[in-house]
file my_file.cif (mmCIF, N, CA and C atoms)
data_upload
#
loop_
_atom_site.label_atom_id
_atom_site.label_comp_id
_atom_site.auth_asym_id
_atom_site.auth_seq_id
_atom_site.Cartn_x
_atom_site.Cartn_y
_atom_site.Cartn_z
N MET U 1 2.64 39.65 -29.48
CA MET U 1 2.37 38.98 -28.23
C MET U 1 3.07 37.62 -28.17
N LYS U 2 2.94 36.84 -29.27
CA LYS U 2 3.59 35.54 -29.30
C LYS U 2 5.10 35.68 -29.16
N ARG U 3 5.62 36.71 -29.76
CA ARG U 3 7.06 36.93 -29.71
C ARG U 3 7.52 37.22 -28.29
N SER U 4 6.80 38.02 -27.53
CA SER U 4 7.19 38.34 -26.16
C SER U 4 7.06 37.10 -25.27
N ILE U 5 6.07 36.26 -25.52
CA ILE U 5 5.92 35.02 -24.75
C ILE U 5 7.09 34.08 -25.06
N SER U 6 7.45 34.00 -26.32
CA SER U 6 8.57 33.15 -26.72
C SER U 6 9.87 33.63 -26.07
N ILE U 7 10.06 34.93 -26.07
CA ILE U 7 11.26 35.50 -25.46
C ILE U 7 11.26 35.24 -23.94
N LEU U 8 10.10 35.39 -23.33
CA LEU U 8 9.97 35.14 -21.89
C LEU U 8 10.27 33.67 -21.58
N LEU U 9 9.70 32.75 -22.37
CA LEU U 9 9.96 31.33 -22.16
C LEU U 9 11.43 30.99 -22.39
N LEU U 10 12.02 31.60 -23.39
CA LEU U 10 13.43 31.38 -23.67
C LEU U 10 14.29 31.87 -22.50
N LEU U 11 13.93 33.02 -21.97
CA LEU U 11 14.65 33.58 -20.82
C LEU U 11 14.51 32.67 -19.60
N LEU U 12 13.29 32.18 -19.35
CA LEU U 12 13.07 31.27 -18.23
C LEU U 12 13.85 29.96 -18.41
N ALA U 13 13.87 29.43 -19.62
CA ALA U 13 14.63 28.20 -19.89
C ALA U 13 16.13 28.43 -19.66
N PHE U 14 16.62 29.57 -20.11
CA PHE U 14 18.03 29.89 -19.90
C PHE U 14 18.34 30.00 -18.41
N ALA U 15 17.48 30.68 -17.65
CA ALA U 15 17.69 30.84 -16.21
C ALA U 15 17.66 29.49 -15.51
N ALA U 16 16.75 28.62 -15.90
CA ALA U 16 16.66 27.28 -15.29
C ALA U 16 17.91 26.47 -15.58
N SER U 17 18.36 26.49 -16.83
CA SER U 17 19.56 25.71 -17.17
C SER U 17 20.80 26.27 -16.48
N ALA U 18 20.88 27.58 -16.36
CA ALA U 18 22.02 28.18 -15.68
C ALA U 18 22.03 27.80 -14.20
N SER U 19 20.86 27.78 -13.57
CA SER U 19 20.81 27.44 -12.15
C SER U 19 21.14 25.97 -11.94
N LEU U 20 20.68 25.08 -12.83
CA LEU U 20 21.01 23.66 -12.72
C LEU U 20 22.50 23.43 -12.91
N ASN U 21 23.10 24.13 -13.84
CA ASN U 21 24.52 24.00 -14.09
C ASN U 21 25.31 24.48 -12.88
N SER U 22 24.90 25.57 -12.31
CA SER U 22 25.55 26.11 -11.13
C SER U 22 25.44 25.15 -9.96
N CYS U 23 24.29 24.53 -9.80
CA CYS U 23 24.05 23.57 -8.73
C CYS U 23 24.97 22.37 -8.90
N ARG U 24 25.11 21.87 -10.12
CA ARG U 24 25.97 20.72 -10.39
C ARG U 24 27.42 21.06 -10.09
N GLU U 25 27.87 22.24 -10.50
CA GLU U 25 29.24 22.66 -10.23
C GLU U 25 29.48 22.77 -8.73
N THR U 26 28.49 23.27 -8.00
CA THR U 26 28.63 23.38 -6.55
C THR U 26 28.76 21.99 -5.93
N LYS U 27 27.96 21.05 -6.37
CA LYS U 27 28.04 19.68 -5.85
C LYS U 27 29.39 19.06 -6.18
N GLU U 28 29.88 19.29 -7.39
CA GLU U 28 31.18 18.75 -7.78
C GLU U 28 32.29 19.34 -6.94
N SER U 29 32.25 20.64 -6.70
CA SER U 29 33.31 21.26 -5.91
C SER U 29 33.24 20.79 -4.46
N LYS U 30 32.03 20.60 -3.93
CA LYS U 30 31.91 20.07 -2.57
C LYS U 30 32.44 18.65 -2.49
N ALA U 31 32.18 17.85 -3.52
CA ALA U 31 32.69 16.48 -3.55
C ALA U 31 34.21 16.48 -3.61
N GLU U 32 34.77 17.36 -4.42
CA GLU U 32 36.24 17.44 -4.51
C GLU U 32 36.84 17.88 -3.17
N GLU U 33 36.20 18.83 -2.50
CA GLU U 33 36.68 19.26 -1.19
C GLU U 33 36.60 18.12 -0.18
N ALA U 34 35.53 17.34 -0.25
CA ALA U 34 35.38 16.21 0.67
C ALA U 34 36.47 15.17 0.43
N VAL U 35 36.79 14.91 -0.82
CA VAL U 35 37.86 13.97 -1.14
C VAL U 35 39.19 14.48 -0.60
N GLU U 36 39.46 15.75 -0.77
CA GLU U 36 40.70 16.33 -0.24
C GLU U 36 40.75 16.23 1.28
N ASP U 37 39.61 16.49 1.94
CA ASP U 37 39.56 16.38 3.40
C ASP U 37 39.85 14.96 3.85
N VAL U 38 39.30 13.99 3.13
CA VAL U 38 39.55 12.58 3.48
C VAL U 38 41.02 12.24 3.28
N LYS U 39 41.61 12.71 2.17
CA LYS U 39 43.03 12.45 1.93
C LYS U 39 43.89 13.04 3.04
N GLU U 40 43.60 14.29 3.42
CA GLU U 40 44.37 14.93 4.49
C GLU U 40 44.19 14.18 5.81
N GLY U 41 42.96 13.75 6.08
CA GLY U 41 42.70 12.99 7.30
C GLY U 41 43.46 11.68 7.32
N MET U 42 43.51 11.01 6.17
CA MET U 42 44.24 9.74 6.10
C MET U 42 45.73 9.96 6.28
N GLU U 43 46.26 11.04 5.74
CA GLU U 43 47.68 11.36 5.94
C GLU U 43 47.97 11.61 7.41
N GLU U 44 47.08 12.33 8.09
CA GLU U 44 47.26 12.59 9.51
C GLU U 44 47.21 11.30 10.31
N VAL U 45 46.27 10.43 9.97
CA VAL U 45 46.17 9.14 10.67
C VAL U 45 47.43 8.32 10.42
N GLY U 46 47.91 8.32 9.20
CA GLY U 46 49.16 7.60 8.88
C GLY U 46 50.33 8.13 9.69
N ASP U 47 50.41 9.46 9.81
CA ASP U 47 51.48 10.06 10.61
C ASP U 47 51.34 9.67 12.08
N ASP U 48 50.11 9.67 12.58
CA ASP U 48 49.88 9.29 13.97
C ASP U 48 50.26 7.83 14.21
N ILE U 49 49.93 6.97 13.27
CA ILE U 49 50.28 5.55 13.40
C ILE U 49 51.80 5.39 13.37
N GLU U 50 52.45 6.12 12.50
CA GLU U 50 53.91 6.05 12.42
C GLU U 50 54.54 6.53 13.72
N ASP U 51 54.02 7.61 14.27
CA ASP U 51 54.53 8.11 15.55
C ASP U 51 54.32 7.10 16.67
N ALA U 52 53.14 6.47 16.68
CA ALA U 52 52.85 5.47 17.70
C ALA U 52 53.78 4.27 17.56
N ALA U 53 54.04 3.86 16.33
CA ALA U 53 54.95 2.74 16.09
C ALA U 53 56.36 3.09 16.56
N ASP U 54 56.79 4.32 16.31
CA ASP U 54 58.10 4.77 16.79
C ASP U 54 58.16 4.74 18.31
N ASP U 55 57.08 5.20 18.95
CA ASP U 55 57.03 5.18 20.42
C ASP U 55 57.10 3.76 20.96
N VAL U 56 56.38 2.85 20.31
CA VAL U 56 56.42 1.45 20.74
C VAL U 56 57.82 0.88 20.56
N GLY U 57 58.42 1.18 19.42
CA GLY U 57 59.80 0.71 19.16
C GLY U 57 60.76 1.25 20.20
N ASP U 58 60.63 2.53 20.54
CA ASP U 58 61.48 3.13 21.57
C ASP U 58 61.26 2.46 22.91
N GLY U 59 60.00 2.17 23.22
CA GLY U 59 59.69 1.50 24.49
C GLY U 59 60.30 0.10 24.54
N ILE U 60 60.24 -0.61 23.43
CA ILE U 60 60.83 -1.96 23.37
C ILE U 60 62.35 -1.88 23.56
N GLU U 61 62.97 -0.90 22.89
CA GLU U 61 64.42 -0.74 23.03
C GLU U 61 64.80 -0.40 24.47
N ASP U 62 64.01 0.48 25.10
CA ASP U 62 64.28 0.84 26.50
C ASP U 62 64.11 -0.38 27.40
N ALA U 63 63.09 -1.18 27.15
CA ALA U 63 62.86 -2.38 27.96
C ALA U 63 64.00 -3.38 27.76
N ALA U 64 64.46 -3.53 26.53
CA ALA U 64 65.58 -4.44 26.26
C ALA U 64 66.84 -3.95 26.96
N ASP U 65 67.08 -2.65 26.94
CA ASP U 65 68.24 -2.10 27.65
C ASP U 65 68.13 -2.34 29.14
N ASP U 66 66.94 -2.18 29.70
CA ASP U 66 66.74 -2.43 31.13
C ASP U 66 67.01 -3.89 31.48
N VAL U 67 66.54 -4.79 30.62
CA VAL U 67 66.76 -6.23 30.86
C VAL U 67 68.25 -6.53 30.79
N GLU U 68 68.93 -5.95 29.78
CA GLU U 68 70.38 -6.15 29.67
C GLU U 68 71.10 -5.67 30.92
N ASP U 69 70.70 -4.50 31.40
CA ASP U 69 71.33 -3.95 32.60
C ASP U 69 71.09 -4.86 33.80
N GLU U 70 69.89 -5.38 33.94
CA GLU U 70 69.57 -6.27 35.05
C GLU U 70 70.38 -7.56 34.97
N ILE U 71 70.52 -8.07 33.74
CA ILE U 71 71.30 -9.30 33.55
C ILE U 71 72.75 -9.04 33.91
N GLU U 72 73.30 -7.90 33.46
CA GLU U 72 74.68 -7.56 33.79
C GLU U 72 74.87 -7.39 35.28
N ASP U 73 73.92 -6.72 35.92
CA ASP U 73 73.98 -6.55 37.38
C ASP U 73 73.92 -7.89 38.10
N ALA U 74 73.08 -8.78 37.62
CA ALA U 74 72.92 -10.08 38.27
C ALA U 74 74.16 -10.93 38.10
N THR U 75 74.81 -10.87 36.92
CA THR U 75 76.01 -11.68 36.68
C THR U 75 77.22 -11.07 37.37
N ASP U 76 77.22 -9.74 37.57
CA ASP U 76 78.33 -9.08 38.28
C ASP U 76 78.30 -9.43 39.76
N ASP U 77 77.11 -9.60 40.31
CA ASP U 77 76.99 -9.90 41.74
C ASP U 77 77.46 -11.31 42.05
N GLN U 78 77.47 -12.18 41.11
CA GLN U 78 77.83 -13.57 41.38
C GLN U 78 79.28 -13.75 41.26
#

call {"tool": "encode", "arguments": {"input": "my_file.cif", "output": "structure tokens"}}
result
Amino acid sequence: MKRSISILLLLLAFAASASLNSCRETKESKAEEAVEDVKEGMEEVGDDIEDAADDVGDGIEDAADDVEDEIEDATDDQ
């Protein structure tokens, strides 16, 4: 009888430790996935910022060209 109780307790202890280990691994993998998601999100934000900066630069160049054209037109008329 004592032997079967010992075996049962040993089995329960093994099952508990296995479930705790599995839970920890699940938490670790979820944390790793979250870190990867944040990295990907930051890369996308960086790309968006770079695109916006390019658009602003293009707008400034277009505005400078327009000003140059207006200045040339104004000096040609005189």

call {"tool": "atom_distance", "arguments": {"input": "my_file.cif", "atom1": "atom CA of U:Ile60", "atom2": "atom CA of U:Gly46"}}
result
20.9 Å

call {"tool": "axis_aligned_box", "arguments": {"input": "my_file.cif", "around": "stretch 30-33 of chain U", "padding_each_side": "4 Å", "output": "AutoDock Vina command-line options"}}
result
--center_x 34.4 --center_y 18.5 --center_z -2.3 --size_x 12.9 --size_y 12.1 --size_z 12.3

call {"tool": "atom_distance", "arguments": {"input": "my_file.cif", "atom1": "atom CA of U:Leu11", "atom2": "atom CA of U:Lys30"}}
result
28.5 Å
